[in-house]
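Peer 1: I am attaching a structure below and will ask some questions about it afterwards.
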Amino acid sequence: MLDLPTFLTFYTAVLALQLAPGPDMVLLLSRGVGQGRRTALLTATGMTLLAALVQLPLLALGVTSLLQASPLAFDLLRWSGAAYLVWLGAKLLIGSFGSHELKRKTPQPISDIAALRQGMINNLTNPKAMVFMLAFLPQFVDPTGSWSVTAQLLFLGAVQKLSGFVVLGGVALGTGTIGDWLSRRPGLIAWQERFAGLIMVGLGLRLALGGDASAMRR
């Protein structure tokens, strides 16, 4: 499985993106302000834990099948994933110089089940979420490791989703305070995006120049 330095590299990149305010965080701020912390927390649960029940099996089985069918195709997936990470990081860096005003709308009250369902659908219907997982997680898979590719992907995906739940859950519980604090500090949001962008670009270049994730272990 992953050694500690590789895992820390993986988790630093995950956390950097999760802490950068995005559509999910803005939706949670809106939920919390308009409907309370409980609804916001249930929405966060749907976005992360419930969505993971669908996304992780599809991702793990799909990548495992790709590796079994063609090791070359798996390598191409890694290379394209590294390129995607560089592009995503560059996009974050460029976007960090734009407007960072948090616009929060107050939605109509919804039930607990609807909050869970809407959070899950919001994440599952966002193609960027699945594309990021497909590009990012295989970079840290070792096909020759003691754990199977499927097990490694499920572990990495579970770490990503659990971390997302902790981050978004924290946002949900502190919605009013966090929203007002961020709205008064647009410069902080910009620097969060720049930090996340640099992490993504650096990781993508390191993976591309190193050939594969196994180079990070040497």
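Chain lettering (A, B, ...) mirrors the order of the structure tokens, residue numbering begins at 1 for each chain separately, and ligand numbering begins at 1 in order of display.
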Neighbouring residues of Thr43 in chain A were defined as those with any atom within 8 Å, considering only C-alpha atoms; residues of the same chain fewer than 6 positions away were excluded. Please report them as an MDAnalysis selection string.
Peer 2: chainID A and resid 28 115:120
Peer 1: Keeping only all heavy atoms, write the selected residues as a CSV table (one decimal), in the first residue's frame.
Peer 2:
chain,number,residue,atom,x,y,z
A,28,LEU,N,-23.7,24.7,0.5
A,28,LEU,CA,-23.9,24.4,1.9
A,28,LEU,C,-24.1,25.7,2.7
A,28,LEU,O,-24.9,25.7,3.7
A,28,LEU,CB,-22.6,23.7,2.4
A,28,LEU,CG,-22.5,22.2,2.0
A,28,LEU,CD1,-21.2,21.6,2.6
A,28,LEU,CD2,-23.7,21.4,2.5
A,115,ALA,N,-32.9,16.7,1.4
A,115,ALA,CA,-31.5,17.3,1.6
A,115,ALA,C,-30.5,16.3,1.2
A,115,ALA,O,-29.5,16.6,0.5
A,115,ALA,CB,-31.3,17.8,3.0
A,116,LEU,N,-30.6,15.0,1.7
A,116,LEU,CA,-29.7,14.0,1.4
A,116,LEU,C,-29.7,13.7,-0.1
A,116,LEU,O,-28.6,13.6,-0.7
A,116,LEU,CB,-30.1,12.7,2.2
A,116,LEU,CG,-29.8,12.7,3.7
A,116,LEU,CD1,-30.5,11.5,4.3
A,116,LEU,CD2,-28.3,12.6,4.0
A,117,ARG,N,-30.9,13.6,-0.6
A,117,ARG,CA,-31.0,13.2,-2.1
A,117,ARG,C,-30.4,14.3,-2.9
A,117,ARG,O,-29.7,14.1,-3.9
A,117,ARG,CB,-32.5,13.0,-2.4
A,117,ARG,CG,-32.7,12.6,-3.9
A,117,ARG,CD,-34.2,12.3,-4.2
A,117,ARG,NE,-35.0,13.5,-4.1
A,117,ARG,CZ,-35.9,13.7,-3.1
A,117,ARG,NH1,-36.1,12.8,-2.2
A,117,ARG,NH2,-36.6,14.8,-3.1
A,118,GLN,N,-30.7,15.6,-2.6
A,118,GLN,CA,-30.2,16.7,-3.4
A,118,GLN,C,-28.7,16.8,-3.3
A,118,GLN,O,-28.1,17.1,-4.3
A,118,GLN,CB,-30.9,18.0,-3.0
A,118,GLN,CG,-32.4,18.1,-3.4
A,118,GLN,CD,-33.0,19.4,-3.0
A,118,GLN,OE1,-32.4,20.3,-2.6
A,118,GLN,NE2,-34.4,19.4,-3.1
A,119,GLY,N,-28.2,16.6,-2.2
A,119,GLY,CA,-26.7,16.6,-2.0
A,119,GLY,C,-26.1,15.5,-2.9
A,119,GLY,O,-25.0,15.8,-3.5
A,120,MET,N,-26.6,14.3,-2.8
A,120,MET,CA,-26.1,13.2,-3.6
A,120,MET,C,-26.2,13.5,-5.1
A,120,MET,O,-25.2,13.3,-5.9
A,120,MET,CB,-26.8,11.9,-3.3
A,120,MET,CG,-26.2,10.7,-4.0
A,120,MET,SD,-27.0,9.2,-3.5
A,120,MET,CE,-28.7,9.4,-4.1
Peer 1: Which is closest to Gly164 in chain A among A:Leu77, A:Leu72, A:Leu198, A:Ala129, if we use only C-alpha atoms?
Peer 2: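 With only C-alpha atoms as the atom set, the closest residue is A:Ala129.
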Peer 1: Got a sec: who's within 12 Å of Ile110 in chain A, counting only C-alpha atoms, leaving out chain neighbours fewer than 2 positions off, as a list in words?
Peer 2: Arg31, Gly32, Gly34, Gln35, Gly36, Arg38, Thr39, Ala40, Leu42, Thr43, Thr106, Pro107, Gln108, Asp112, Ile113, Ala114, Ala115, Leu116, Arg117, Gln118 and Gly119 of chain A
Peer 1: Measuring between only C-alpha atoms, which one of A:Leu49, A:Ala20, A:Ala135, A:Phe10 shows the shortest distance to Gly169 in chain A?
Peer 2: A:Leu49
Peer 1: Go through A:Leu76, A:Val86, A:Val63, A:Leu205 and flag the residue nearest Pro138 in chain A, using only C-alpha atoms for the distances.
Peer 2: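 Checking each candidate against Pro138 in chain A, we get A:Val63 as the closest.
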Peer 1: Which is closer to Phe165 in chain A than all the others in A:Val54, A:Met130, A:Val149, A:Met47, using only C-alpha atoms?
Peer 2: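 Closest candidate: A:Met47.
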Peer 1: Which of these, A:Leu29, A:Leu66, A:Ala73, A:Leu61, has the shortest distance to Ala44 in chain A once you count only C-alpha atoms?
Peer 2: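 Nearest to Ala44 in chain A: A:Leu29.
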Peer 1: Identify which of the residues A:Gln152, A:Ser146, A:Asn123, A:Gln139 lies closest to Leu203 in chain A, counting only C-alpha atoms when measuring atom-to-atom distances.
Peer 2: A:Gln139
Peer 1: Near Tyr84 in chain A, counting only C-alpha atoms, which residues have an atom at most 10 Å away, once you skip same-chain residues fewer than 2 positions from it, shown as a PyMOL selection string?
Peer 2: chain A and resi 78-82+86-90+131-132+135-136+200-201+204
Peer 1: Figure out the distance between CA of Tyr11 in chain A and CA of Ser30 in chain A, please, to one decimal in Å.
Peer 2: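 Computed distance, CA of Ser30 in chain A to CA of Tyr11 in chain A, equals 27.4 Å.
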Peer 1: Select from range 8-155 of chain A everything DSSP, run on the backbone, classes as alpha helix (DSSP H), then give the selection as a ChimeraX atom specification.
Peer 2: /A:8-19,23-35,37-45,51-69,71-95,112-124,127-136,149-155
Peer 1: Can you tell me which residues surround Val166 in chain A at a distance of at most 12 Å, considering only C-alpha atoms, apart from same-chain residues fewer than 4 positions away, and format the answer as number ranges by chain?
Peer 2: A: 15, 18-19, 41, 44-45, 47-49, 159-162, 170-173
Peer 1: Write a file of the selected residues as a short mmCIF file (atom, residue, chain, number, x, y, z; two decimals), in the first residue's frame, keeping all heavy atoms.
Peer 2:
data_model
loop_
_atom_site.label_atom_id
_atom_site.label_comp_id
_atom_site.auth_asym_id
_atom_site.auth_seq_id
_atom_site.Cartn_x
_atom_site.Cartn_y
_atom_site.Cartn_z
N LEU A 15 -6.80 17.73 0.35
CA LEU A 15 -7.23 18.75 1.30
C LEU A 15 -7.15 20.16 0.71
O LEU A 15 -8.01 21.00 0.98
CB LEU A 15 -6.36 18.66 2.56
CG LEU A 15 -6.88 19.38 3.81
CD1 LEU A 15 -8.25 18.85 4.20
CD2 LEU A 15 -5.90 19.20 4.96
N GLN A 18 -10.24 20.62 -1.34
CA GLN A 18 -11.46 20.62 -0.55
C GLN A 18 -11.62 21.90 0.26
O GLN A 18 -12.74 22.31 0.56
CB GLN A 18 -11.49 19.40 0.37
CG GLN A 18 -11.68 18.10 -0.39
CD GLN A 18 -11.54 16.87 0.48
OE1 GLN A 18 -11.00 16.94 1.59
NE2 GLN A 18 -12.02 15.73 0.00
N LEU A 19 -10.51 22.52 0.61
CA LEU A 19 -10.58 23.76 1.40
C LEU A 19 -10.80 25.00 0.54
O LEU A 19 -11.14 26.05 1.06
CB LEU A 19 -9.29 23.93 2.21
CG LEU A 19 -9.11 22.95 3.37
CD1 LEU A 19 -7.75 23.15 4.03
CD2 LEU A 19 -10.23 23.10 4.40
N LEU A 41 -25.87 19.93 7.01
CA LEU A 41 -25.07 18.74 7.30
C LEU A 41 -25.58 17.52 6.53
O LEU A 41 -24.79 16.72 6.02
CB LEU A 41 -25.10 18.45 8.81
CG LEU A 41 -24.21 17.31 9.30
CD1 LEU A 41 -22.75 17.57 8.95
CD2 LEU A 41 -24.37 17.12 10.80
N ALA A 44 -24.37 17.83 3.03
CA ALA A 44 -22.96 17.44 2.96
C ALA A 44 -22.81 15.93 2.97
O ALA A 44 -21.96 15.36 2.27
CB ALA A 44 -22.18 18.07 4.11
N THR A 45 -23.64 15.25 3.75
CA THR A 45 -23.62 13.78 3.80
C THR A 45 -23.97 13.20 2.44
O THR A 45 -23.34 12.24 1.97
CB THR A 45 -24.60 13.27 4.86
OG1 THR A 45 -24.26 13.83 6.14
CG2 THR A 45 -24.56 11.75 4.95
N MET A 47 -23.59 14.71 -0.46
CA MET A 47 -22.53 15.06 -1.42
C MET A 47 -21.33 14.12 -1.32
O MET A 47 -20.64 13.89 -2.33
CB MET A 47 -22.04 16.48 -1.15
CG MET A 47 -22.99 17.58 -1.54
SD MET A 47 -22.28 19.18 -1.05
CE MET A 47 -23.51 20.29 -1.75
N THR A 48 -21.07 13.62 -0.15
CA THR A 48 -19.84 12.85 0.07
C THR A 48 -20.11 11.36 0.30
O THR A 48 -19.79 10.53 -0.55
CB THR A 48 -19.07 13.44 1.27
OG1 THR A 48 -19.94 13.50 2.42
CG2 THR A 48 -18.58 14.84 0.95
N LEU A 49 -20.69 11.01 1.42
CA LEU A 49 -20.82 9.60 1.80
C LEU A 49 -21.79 8.84 0.91
O LEU A 49 -21.50 7.71 0.48
CB LEU A 49 -21.26 9.50 3.27
CG LEU A 49 -20.34 10.20 4.28
CD1 LEU A 49 -20.82 9.94 5.70
CD2 LEU A 49 -18.90 9.74 4.11
N VAL A 159 -10.81 7.62 1.58
CA VAL A 159 -10.11 8.70 2.28
C VAL A 159 -10.54 10.06 1.73
O VAL A 159 -10.82 11.00 2.49
CB VAL A 159 -8.58 8.54 2.14
CG1 VAL A 159 -7.86 9.79 2.65
CG2 VAL A 159 -8.10 7.32 2.90
N GLN A 160 -10.62 10.17 0.41
CA GLN A 160 -11.04 11.43 -0.20
C GLN A 160 -12.45 11.81 0.23
O GLN A 160 -12.71 12.96 0.59
CB GLN A 160 -10.97 11.33 -1.72
CG GLN A 160 -11.42 12.59 -2.44
CD GLN A 160 -11.53 12.42 -3.94
OE1 GLN A 160 -11.01 11.45 -4.50
NE2 GLN A 160 -12.21 13.34 -4.60
N LYS A 161 -13.37 10.86 0.18
CA LYS A 161 -14.76 11.16 0.52
C LYS A 161 -14.94 11.45 2.01
O LYS A 161 -15.69 12.35 2.39
CB LYS A 161 -15.65 9.99 0.09
CG LYS A 161 -15.85 9.89 -1.42
CD LYS A 161 -16.57 11.11 -1.96
CE LYS A 161 -16.91 10.99 -3.43
NZ LYS A 161 -17.65 12.16 -3.93
N LEU A 162 -14.26 10.69 2.87
CA LEU A 162 -14.36 10.95 4.31
C LEU A 162 -13.77 12.31 4.66
O LEU A 162 -14.33 13.04 5.48
CB LEU A 162 -13.64 9.84 5.08
CG LEU A 162 -14.35 8.48 5.13
CD1 LEU A 162 -13.44 7.43 5.76
CD2 LEU A 162 -15.66 8.58 5.90
N GLY A 170 -17.87 20.47 8.54
CA GLY A 170 -17.46 21.60 9.35
C GLY A 170 -18.03 22.91 8.82
O GLY A 170 -18.45 23.77 9.60
N VAL A 171 -18.06 23.03 7.49
CA VAL A 171 -18.67 24.21 6.88
C VAL A 171 -20.16 24.27 7.22
O VAL A 171 -20.70 25.33 7.55
CB VAL A 171 -18.47 24.20 5.36
CG1 VAL A 171 -19.28 25.32 4.69
CG2 VAL A 171 -16.99 24.37 5.02
N ALA A 172 -20.82 23.10 7.15
CA ALA A 172 -22.26 23.05 7.43
C ALA A 172 -22.57 23.47 8.86
O ALA A 172 -23.53 24.19 9.12
CB ALA A 172 -22.78 21.63 7.18
N LEU A 173 -21.73 23.04 9.80
CA LEU A 173 -21.99 23.37 11.21
C LEU A 173 -21.67 24.82 11.54
O LEU A 173 -22.20 25.37 12.50
CB LEU A 173 -21.15 22.45 12.11
CG LEU A 173 -21.55 20.97 12.08
CD1 LEU A 173 -20.61 20.14 12.94
CD2 LEU A 173 -23.00 20.78 12.55
#
Peer 1: So how far away is CA of Phe7 in chain A from CA of Gly202 in chain A, in Å?
Peer 2: 15.7 Å
Peer 1: Report, in Å to a single decimal, how far apart CA of Met25 in chain A and CA of Leu59 in chain A are.
Peer 2: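 Interatomic distance, CA of Leu59 in chain A to CA of Met25 in chain A: 23.9 Å.
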